[in-house]
Amino acid sequence: VDRRVSVLILPDKRCEMAIKFARLGAQVTIADAPAHRQNVEGRILAAGLRDEISFTPCAFPAVPEEPKDEPFDIIVIRRGLCSMPYDEARKVVRLLLRKLKIGGKLYISVLGLHSELGDGYAGSDLSIDQRFSKLSPALAGKYEIQQPVCLYTERNLFMLLLDAGASVLRTLTTTYGNVKGIAVRV
């Protein structure tokens with residue numbers, strides 16, 4: 001029986017996080033857009049980690065149907081949740097929680113309302129369930145984010161995790177105003 005920690009990362013086309021986990025002894029699955037397969041598999045081969053890291057095609061916000069090594073010990077989602085309204089993000093988090101082992105950890109990183117991105121953000125005065133707007137033109141150009149986004153406060157992420165059925169271990173706001181959270185499946 002393989003007792004290595006199993007990790008799912010959504011997305012990780014540069015494989016940076018996957019390689020770090022694999023070098024620590026984890027069995028890693030990267031779920032990313034099918035168009036990134038060749039790039040990801042090339043990076044996995046270059047790192048010499050073909051047995052430790054696998055690629056599963058998955059166009060977010062869809063989650064992988066039945067990836068290898070499910071249920072996972074850890075799921076990491078660093079980008080993507082902000083590209084959808086809050087209600088949709090809650091459904092995705094709920095689906096991801098079901099792919100974790102009991103006691104498994106979910107790590108989420110989202111764009112913060114109180115970061116630079118919040119300057120001139122059209123949805124800044126709306127409640128989280130209504131907040132899905134474009135960034136100011138200057139910041140949309142600077143960060144190449146032209147589509148509407150949902151920016152979060154730390155409390156918003158805490159409530160998203162709770163509403164999805166997770167037990168929240170920790171939330172924090174970075175120096176730059178982005179928001180991160182760690183939750184556990186109970």
# chains A, B, ... in the order shown; residues from 1 in each chain; ligands from 1
$ closest_atom_pairs --of "region 58-106 of chain A" --to "region 173-186 of chain A" --cutoff "9 Å" --atoms "only C-alpha atoms" --output "JSON lines"
{"residue": "A:Arg78", "atom": "CA", "partner": "A:Lys180", "partner_atom": "CA", "distance": 8.8}
{"residue": "A:Leu97", "atom": "CA", "partner": "A:Arg185", "partner_atom": "CA", "distance": 6.1}
{"residue": "A:Arg98", "atom": "CA", "partner": "A:Arg185", "partner_atom": "CA", "distance": 8.0}
{"residue": "A:Leu100", "atom": "CA", "partner": "A:Arg185", "partner_atom": "CA", "distance": 6.7}
{"residue": "A:Lys101", "atom": "CA", "partner": "A:Arg185", "partner_atom": "CA", "distance": 7.1}
{"residue": "A:Ile102", "atom": "CA", "partner": "A:Arg185", "partner_atom": "CA", "distance": 5.3}
{"residue": "A:Gly103", "atom": "CA", "partner": "A:Arg185", "partner_atom": "CA", "distance": 5.2}
{"residue": "A:Gly104", "atom": "CA", "partner": "A:Val184", "partner_atom": "CA", "distance": 5.5}
{"residue": "A:Lys105", "atom": "CA", "partner": "A:Val184", "partner_atom": "CA", "distance": 4.5}
{"residue": "A:Leu106", "atom": "CA", "partner": "A:Ala183", "partner_atom": "CA", "distance": 5.2}
$ write_last_selection --atoms "N, CA, C and O atoms" --output "PDB file, in the first residue's frame"
ATOM      1  N   ARG A  78      -4.792  27.684  -6.273  1.00  0.00           N
ATOM      2  CA  ARG A  78      -4.178  29.011  -6.121  1.00  0.00           C
ATOM      3  C   ARG A  78      -4.809  30.053  -7.013  1.00  0.00           C
ATOM      4  O   ARG A  78      -4.707  31.237  -6.730  1.00  0.00           O
ATOM      5  N   LEU A  97     -13.968  19.411  -1.706  1.00  0.00           N
ATOM      6  CA  LEU A  97     -13.959  18.802  -0.371  1.00  0.00           C
ATOM      7  C   LEU A  97     -14.286  17.308  -0.454  1.00  0.00           C
ATOM      8  O   LEU A  97     -13.716  16.502   0.279  1.00  0.00           O
ATOM      9  N   ARG A  98     -15.175  16.940  -1.363  1.00  0.00           N
ATOM     10  CA  ARG A  98     -15.551  15.523  -1.525  1.00  0.00           C
ATOM     11  C   ARG A  98     -14.406  14.697  -2.095  1.00  0.00           C
ATOM     12  O   ARG A  98     -14.448  13.474  -2.029  1.00  0.00           O
ATOM     13  N   LEU A 100     -11.359  14.998  -1.002  1.00  0.00           N
ATOM     14  CA  LEU A 100     -10.380  14.883   0.083  1.00  0.00           C
ATOM     15  C   LEU A 100     -10.705  13.699   0.983  1.00  0.00           C
ATOM     16  O   LEU A 100     -11.876  13.346   1.164  1.00  0.00           O
ATOM     17  N   LYS A 101      -9.667  13.139   1.582  1.00  0.00           N
ATOM     18  CA  LYS A 101      -9.876  12.156   2.647  1.00  0.00           C
ATOM     19  C   LYS A 101     -10.465  12.902   3.848  1.00  0.00           C
ATOM     20  O   LYS A 101     -10.273  14.115   3.986  1.00  0.00           O
ATOM     21  N   ILE A 102     -11.146  12.187   4.728  1.00  0.00           N
ATOM     22  CA  ILE A 102     -11.568  12.800   5.985  1.00  0.00           C
ATOM     23  C   ILE A 102     -10.287  13.252   6.695  1.00  0.00           C
ATOM     24  O   ILE A 102      -9.329  12.494   6.811  1.00  0.00           O
ATOM     25  N   GLY A 103     -10.253  14.497   7.112  1.00  0.00           N
ATOM     26  CA  GLY A 103      -9.049  15.059   7.718  1.00  0.00           C
ATOM     27  C   GLY A 103      -8.102  15.682   6.703  1.00  0.00           C
ATOM     28  O   GLY A 103      -7.104  16.298   7.074  1.00  0.00           O
ATOM     29  N   GLY A 104      -8.424  15.558   5.415  1.00  0.00           N
ATOM     30  CA  GLY A 104      -7.598  16.147   4.365  1.00  0.00           C
ATOM     31  C   GLY A 104      -7.705  17.667   4.372  1.00  0.00           C
ATOM     32  O   GLY A 104      -8.715  18.230   4.797  1.00  0.00           O
ATOM     33  N   LYS A 105      -6.670  18.330   3.881  1.00  0.00           N
ATOM     34  CA  LYS A 105      -6.601  19.792   3.917  1.00  0.00           C
ATOM     35  C   LYS A 105      -6.822  20.398   2.532  1.00  0.00           C
ATOM     36  O   LYS A 105      -6.327  19.890   1.539  1.00  0.00           O
ATOM     37  N   LEU A 106      -7.545  21.507   2.526  1.00  0.00           N
ATOM     38  CA  LEU A 106      -7.791  22.287   1.323  1.00  0.00           C
ATOM     39  C   LEU A 106      -7.136  23.645   1.516  1.00  0.00           C
ATOM     40  O   LEU A 106      -7.408  24.331   2.502  1.00  0.00           O
TER      41      LEU A 106
END
$ residues_around --residues "Met84 (chain A)" --least-positions-apart "4" --cutoff "10 Å" --atoms "only C-alpha atoms" --output "number ranges by chain"
A: 61, 80, 88-90, 92, 131-133, 147-151
$ select_by_dssp --residues "chain A" --states "helix (DSSP H, G or I)" --output "ChimeraX atom specification"
/A:16-23,34-46,81-83,86-98,116-118,137-143,154-163
$ residues_around --residues "Asp32 (chain A)" --least-positions-apart "5" --cutoff "6 Å" --atoms "only C-alpha atoms" --output "MDAnalysis selection string"
chainID A and resid 11 57:58
$ write_last_selection --atoms "N, CA, C and O atoms" --output "PDB file, in the first residue's frame"
ATOM      1  N   PRO A  11      -4.719  25.092 -10.874  1.00  0.00           N
ATOM      2  CA  PRO A  11      -3.856  24.560 -11.914  1.00  0.00           C
ATOM      3  C   PRO A  11      -2.412  24.764 -11.487  1.00  0.00           C
ATOM      4  O   PRO A  11      -2.152  25.425 -10.484  1.00  0.00           O
ATOM      5  N   PRO A  57      -6.173  16.196 -17.501  1.00  0.00           N
ATOM      6  CA  PRO A  57      -6.787  17.339 -18.183  1.00  0.00           C
ATOM      7  C   PRO A  57      -8.090  17.739 -17.498  1.00  0.00           C
ATOM      8  O   PRO A  57      -8.911  16.891 -17.163  1.00  0.00           O
ATOM      9  N   CYS A  58      -8.237  19.029 -17.261  1.00  0.00           N
ATOM     10  CA  CYS A  58      -9.420  19.527 -16.571  1.00  0.00           C
ATOM     11  C   CYS A  58      -9.516  21.025 -16.813  1.00  0.00           C
ATOM     12  O   CYS A  58      -8.603  21.766 -16.457  1.00  0.00           O
TER      13      CYS A  58
END
$ select_by_dssp --residues "chain A" --states "strand (DSSP E or B)" --output "PyMOL selection string"
chain A and resi 6-10+27-32+53-57+72-77+100-110+112+133+149+152+167-173+179-184
$ closest_residue --among "A:Arg43, A:Arg94, A:Lys99, A:His114" --to "Ile9 (chain A)" --atoms "only C-alpha atoms"
A:Lys99
$ residues_around --residues "Val40 (chain A)" --least-positions-apart "6" --cutoff "8 Å" --atoms "only C-alpha atoms" --output "MDAnalysis selection string"
chainID A and resid 13:15 55
$ write_last_selection --atoms "N, CA, C and O atoms" --output "short mmCIF file (atom, residue, chain, number, x, y, z; two decimals), in the first residue's frame"
data_model
loop_
_atom_site.label_atom_id
_atom_site.label_comp_id
_atom_site.auth_asym_id
_atom_site.auth_seq_id
_atom_site.Cartn_x
_atom_site.Cartn_y
_atom_site.Cartn_z
N LYS A 13 0.45 25.00 -14.28
CA LYS A 13 1.07 24.74 -15.58
C LYS A 13 2.59 24.90 -15.56
O LYS A 13 3.27 24.34 -16.40
N ARG A 14 3.14 25.65 -14.61
CA ARG A 14 4.60 25.77 -14.53
C ARG A 14 5.19 24.69 -13.62
O ARG A 14 6.40 24.58 -13.48
N CYS A 15 4.34 23.93 -12.94
CA CYS A 15 4.74 22.77 -12.11
C CYS A 15 5.57 23.14 -10.89
O CYS A 15 6.14 22.26 -10.25
N PHE A 55 -0.46 14.20 -14.82
CA PHE A 55 -1.29 15.28 -15.35
C PHE A 55 -2.68 14.74 -15.65
O PHE A 55 -2.82 13.67 -16.23
#
$ closest_residue --among "A:Gln27, A:Asn39, A:Leu157, A:Ile75" --to "Gly112 (chain A)" --atoms "only C-alpha atoms"
A:Leu157
$ closest_residue --among "A:Ala46, A:Ile145, A:Val5, A:Ile53" --to "Thr29 (chain A)" --atoms "only C-alpha atoms"
A:Ile53
$ atom_distance --atom1 "CA of Lys134 (chain A)" --atom2 "CA of Asn156 (chain A)"
18.3 Å
$ atom_distance --atom1 "CA of Arg170 (chain A)" --atom2 "CA of Phe21 (chain A)"
20.7 Å
$ residues_around --residues "Val28 (chain A)" --least-positions-apart "5" --cutoff "10 Å" --atoms "only C-alpha atoms" --output "compact mmCIF listing (two decimals) with all heavy atoms, in the first residue's frame"
# COMPACT_ATOMS: atom_id res chain seq x y z
N ARG A 4 2.32 7.34 0.69
CA ARG A 4 2.75 8.72 0.43
C ARG A 4 1.55 9.65 0.48
O ARG A 4 0.42 9.28 0.19
CB ARG A 4 3.42 8.82 -0.94
CG ARG A 4 4.77 8.16 -0.98
CD ARG A 4 5.44 8.37 -2.29
NE ARG A 4 4.71 7.61 -3.32
CZ ARG A 4 5.02 7.66 -4.61
NH1 ARG A 4 6.00 8.41 -5.03
NH2 ARG A 4 4.34 6.95 -5.48
N VAL A 5 1.80 10.89 0.81
CA VAL A 5 0.76 11.92 0.80
C VAL A 5 0.36 12.17 -0.64
O VAL A 5 1.20 12.30 -1.52
CB VAL A 5 1.30 13.22 1.45
CG1 VAL A 5 0.34 14.38 1.25
CG2 VAL A 5 1.59 13.00 2.93
N SER A 6 -0.96 12.21 -0.88
CA SER A 6 -1.45 12.48 -2.23
C SER A 6 -1.93 13.93 -2.31
O SER A 6 -2.62 14.42 -1.41
CB SER A 6 -2.57 11.52 -2.60
OG SER A 6 -3.65 11.64 -1.69
N VAL A 7 -1.53 14.61 -3.39
CA VAL A 7 -1.80 16.04 -3.55
C VAL A 7 -2.42 16.29 -4.92
O VAL A 7 -1.92 15.79 -5.93
CB VAL A 7 -0.49 16.86 -3.41
CG1 VAL A 7 -0.78 18.36 -3.56
CG2 VAL A 7 0.19 16.58 -2.08
N LEU A 8 -3.48 17.10 -4.94
CA LEU A 8 -4.07 17.58 -6.19
C LEU A 8 -3.85 19.08 -6.25
O LEU A 8 -4.16 19.79 -5.28
CB LEU A 8 -5.58 17.28 -6.23
CG LEU A 8 -6.37 17.90 -7.39
CD1 LEU A 8 -5.92 17.32 -8.73
CD2 LEU A 8 -7.87 17.68 -7.19
N ILE A 9 -3.30 19.56 -7.37
CA ILE A 9 -3.07 20.99 -7.55
C ILE A 9 -3.83 21.45 -8.78
O ILE A 9 -3.69 20.89 -9.86
CB ILE A 9 -1.56 21.31 -7.71
CG1 ILE A 9 -0.79 20.77 -6.52
CG2 ILE A 9 -1.36 22.82 -7.88
CD1 ILE A 9 0.71 20.91 -6.64
N MET A 17 4.81 24.24 -7.77
CA MET A 17 4.34 23.67 -6.51
C MET A 17 4.36 22.14 -6.57
O MET A 17 4.72 21.48 -5.60
CB MET A 17 2.95 24.18 -6.18
CG MET A 17 2.51 23.78 -4.80
SD MET A 17 1.02 24.65 -4.29
CE MET A 17 1.75 26.18 -3.75
N ALA A 18 3.99 21.57 -7.71
CA ALA A 18 3.99 20.11 -7.86
C ALA A 18 5.38 19.54 -7.64
O ALA A 18 5.54 18.52 -6.95
CB ALA A 18 3.47 19.73 -9.25
N ILE A 19 6.38 20.18 -8.21
CA ILE A 19 7.76 19.70 -8.06
C ILE A 19 8.19 19.78 -6.59
O ILE A 19 8.82 18.85 -6.07
CB ILE A 19 8.71 20.48 -8.99
CG1 ILE A 19 8.44 20.07 -10.45
CG2 ILE A 19 10.17 20.27 -8.61
CD1 ILE A 19 9.12 20.94 -11.50
N LYS A 20 7.83 20.85 -5.90
CA LYS A 20 8.18 20.97 -4.47
C LYS A 20 7.55 19.85 -3.66
O LYS A 20 8.22 19.21 -2.84
CB LYS A 20 7.74 22.33 -3.93
CG LYS A 20 8.60 23.47 -4.42
CD LYS A 20 8.09 24.81 -3.91
CE LYS A 20 8.89 25.94 -4.51
NZ LYS A 20 8.37 27.25 -4.13
N PHE A 21 6.25 19.60 -3.87
CA PHE A 21 5.58 18.51 -3.14
C PHE A 21 6.21 17.16 -3.48
O PHE A 21 6.45 16.34 -2.59
CB PHE A 21 4.08 18.48 -3.47
CG PHE A 21 3.23 19.34 -2.60
CD1 PHE A 21 2.54 20.42 -3.14
CD2 PHE A 21 3.07 19.08 -1.24
CE1 PHE A 21 1.72 21.22 -2.35
CE2 PHE A 21 2.26 19.88 -0.45
CZ PHE A 21 1.58 20.95 -1.00
N ALA A 22 6.47 16.90 -4.76
CA ALA A 22 7.04 15.61 -5.18
C ALA A 22 8.42 15.39 -4.56
O ALA A 22 8.74 14.28 -4.13
CB ALA A 22 7.11 15.55 -6.70
N LEU A 49 10.67 13.59 -12.50
CA LEU A 49 9.65 13.18 -11.52
C LEU A 49 8.43 12.52 -12.18
O LEU A 49 7.31 12.65 -11.69
CB LEU A 49 9.22 14.41 -10.71
CG LEU A 49 10.31 15.04 -9.85
CD1 LEU A 49 9.89 16.40 -9.33
CD2 LEU A 49 10.67 14.12 -8.70
N ASP A 51 7.40 9.51 -12.19
CA ASP A 51 6.70 8.56 -11.33
C ASP A 51 5.97 9.24 -10.17
O ASP A 51 5.10 8.64 -9.55
CB ASP A 51 7.67 7.52 -10.77
CG ASP A 51 8.25 6.63 -11.85
OD1 ASP A 51 7.59 6.47 -12.91
OD2 ASP A 51 9.36 6.10 -11.64
N GLU A 52 6.33 10.48 -9.88
CA GLU A 52 5.76 11.18 -8.73
C GLU A 52 4.66 12.18 -9.10
O GLU A 52 3.85 12.56 -8.25
CB GLU A 52 6.86 11.94 -7.97
CG GLU A 52 7.87 11.06 -7.29
CD GLU A 52 8.96 10.52 -8.22
OE1 GLU A 52 9.05 10.96 -9.40
OE2 GLU A 52 9.72 9.64 -7.78
N ILE A 53 4.64 12.64 -10.35
CA ILE A 53 3.68 13.67 -10.77
C ILE A 53 2.94 13.19 -12.00
O ILE A 53 3.56 12.72 -12.96
CB ILE A 53 4.38 15.01 -11.10
CG1 ILE A 53 5.22 15.52 -9.92
CG2 ILE A 53 3.34 16.07 -11.48
CD1 ILE A 53 6.08 16.73 -10.25
N SER A 54 1.62 13.33 -11.99
CA SER A 54 0.83 12.99 -13.17
C SER A 54 -0.05 14.19 -13.55
O SER A 54 -0.32 15.06 -12.73
CB SER A 54 -0.04 11.76 -12.91
OG SER A 54 -0.95 12.01 -11.86
N PHE A 55 -0.46 14.20 -14.82
CA PHE A 55 -1.29 15.28 -15.35
C PHE A 55 -2.68 14.74 -15.65
O PHE A 55 -2.82 13.67 -16.23
CB PHE A 55 -0.67 15.83 -16.64
CG PHE A 55 -1.49 16.91 -17.30
CD1 PHE A 55 -1.38 18.22 -16.88
CD2 PHE A 55 -2.39 16.60 -18.31
CE1 PHE A 55 -2.14 19.22 -17.48
CE2 PHE A 55 -3.16 17.58 -18.92
CZ PHE A 55 -3.03 18.89 -18.50
N LYS A 68 -6.41 9.84 -10.54
CA LYS A 68 -5.58 8.87 -9.83
C LYS A 68 -5.29 9.42 -8.43
O LYS A 68 -5.17 10.62 -8.25
CB LYS A 68 -4.28 8.72 -10.64
CG LYS A 68 -3.34 7.67 -10.15
CD LYS A 68 -2.13 7.64 -11.07
CE LYS A 68 -0.90 7.64 -10.20
NZ LYS A 68 0.31 7.86 -10.91
N ASP A 69 -5.23 8.56 -7.45
CA ASP A 69 -4.88 8.91 -6.06
C ASP A 69 -6.01 9.59 -5.28
O ASP A 69 -5.77 10.09 -4.19
CB ASP A 69 -3.61 9.76 -5.97
CG ASP A 69 -2.41 9.03 -6.55
OD1 ASP A 69 -2.28 7.82 -6.31
OD2 ASP A 69 -1.62 9.68 -7.26
N PHE A 72 -7.71 12.61 -1.89
CA PHE A 72 -6.42 13.24 -1.65
C PHE A 72 -6.24 13.64 -0.19
O PHE A 72 -7.21 13.88 0.53
CB PHE A 72 -6.29 14.49 -2.53
CG PHE A 72 -6.28 14.18 -3.99
CD1 PHE A 72 -7.44 14.24 -4.74
CD2 PHE A 72 -5.10 13.80 -4.63
CE1 PHE A 72 -7.44 13.93 -6.09
CE2 PHE A 72 -5.08 13.49 -5.99
CZ PHE A 72 -6.26 13.55 -6.71
N ILE A 74 -4.24 16.38 0.36
CA ILE A 74 -4.14 17.83 0.22
C ILE A 74 -4.65 18.23 -1.17
O ILE A 74 -4.31 17.58 -2.16
CB ILE A 74 -2.67 18.30 0.36
CG1 ILE A 74 -2.12 17.96 1.74
CG2 ILE A 74 -2.55 19.81 0.09
CD1 ILE A 74 -0.61 18.17 1.87
N ILE A 75 -5.44 19.30 -1.22
CA ILE A 75 -5.83 19.91 -2.50
C ILE A 75 -5.45 21.39 -2.41
O ILE A 75 -5.76 22.06 -1.43
CB ILE A 75 -7.33 19.76 -2.80
CG1 ILE A 75 -7.69 18.28 -2.98
CG2 ILE A 75 -7.71 20.57 -4.04
CD1 ILE A 75 -9.16 18.02 -3.23
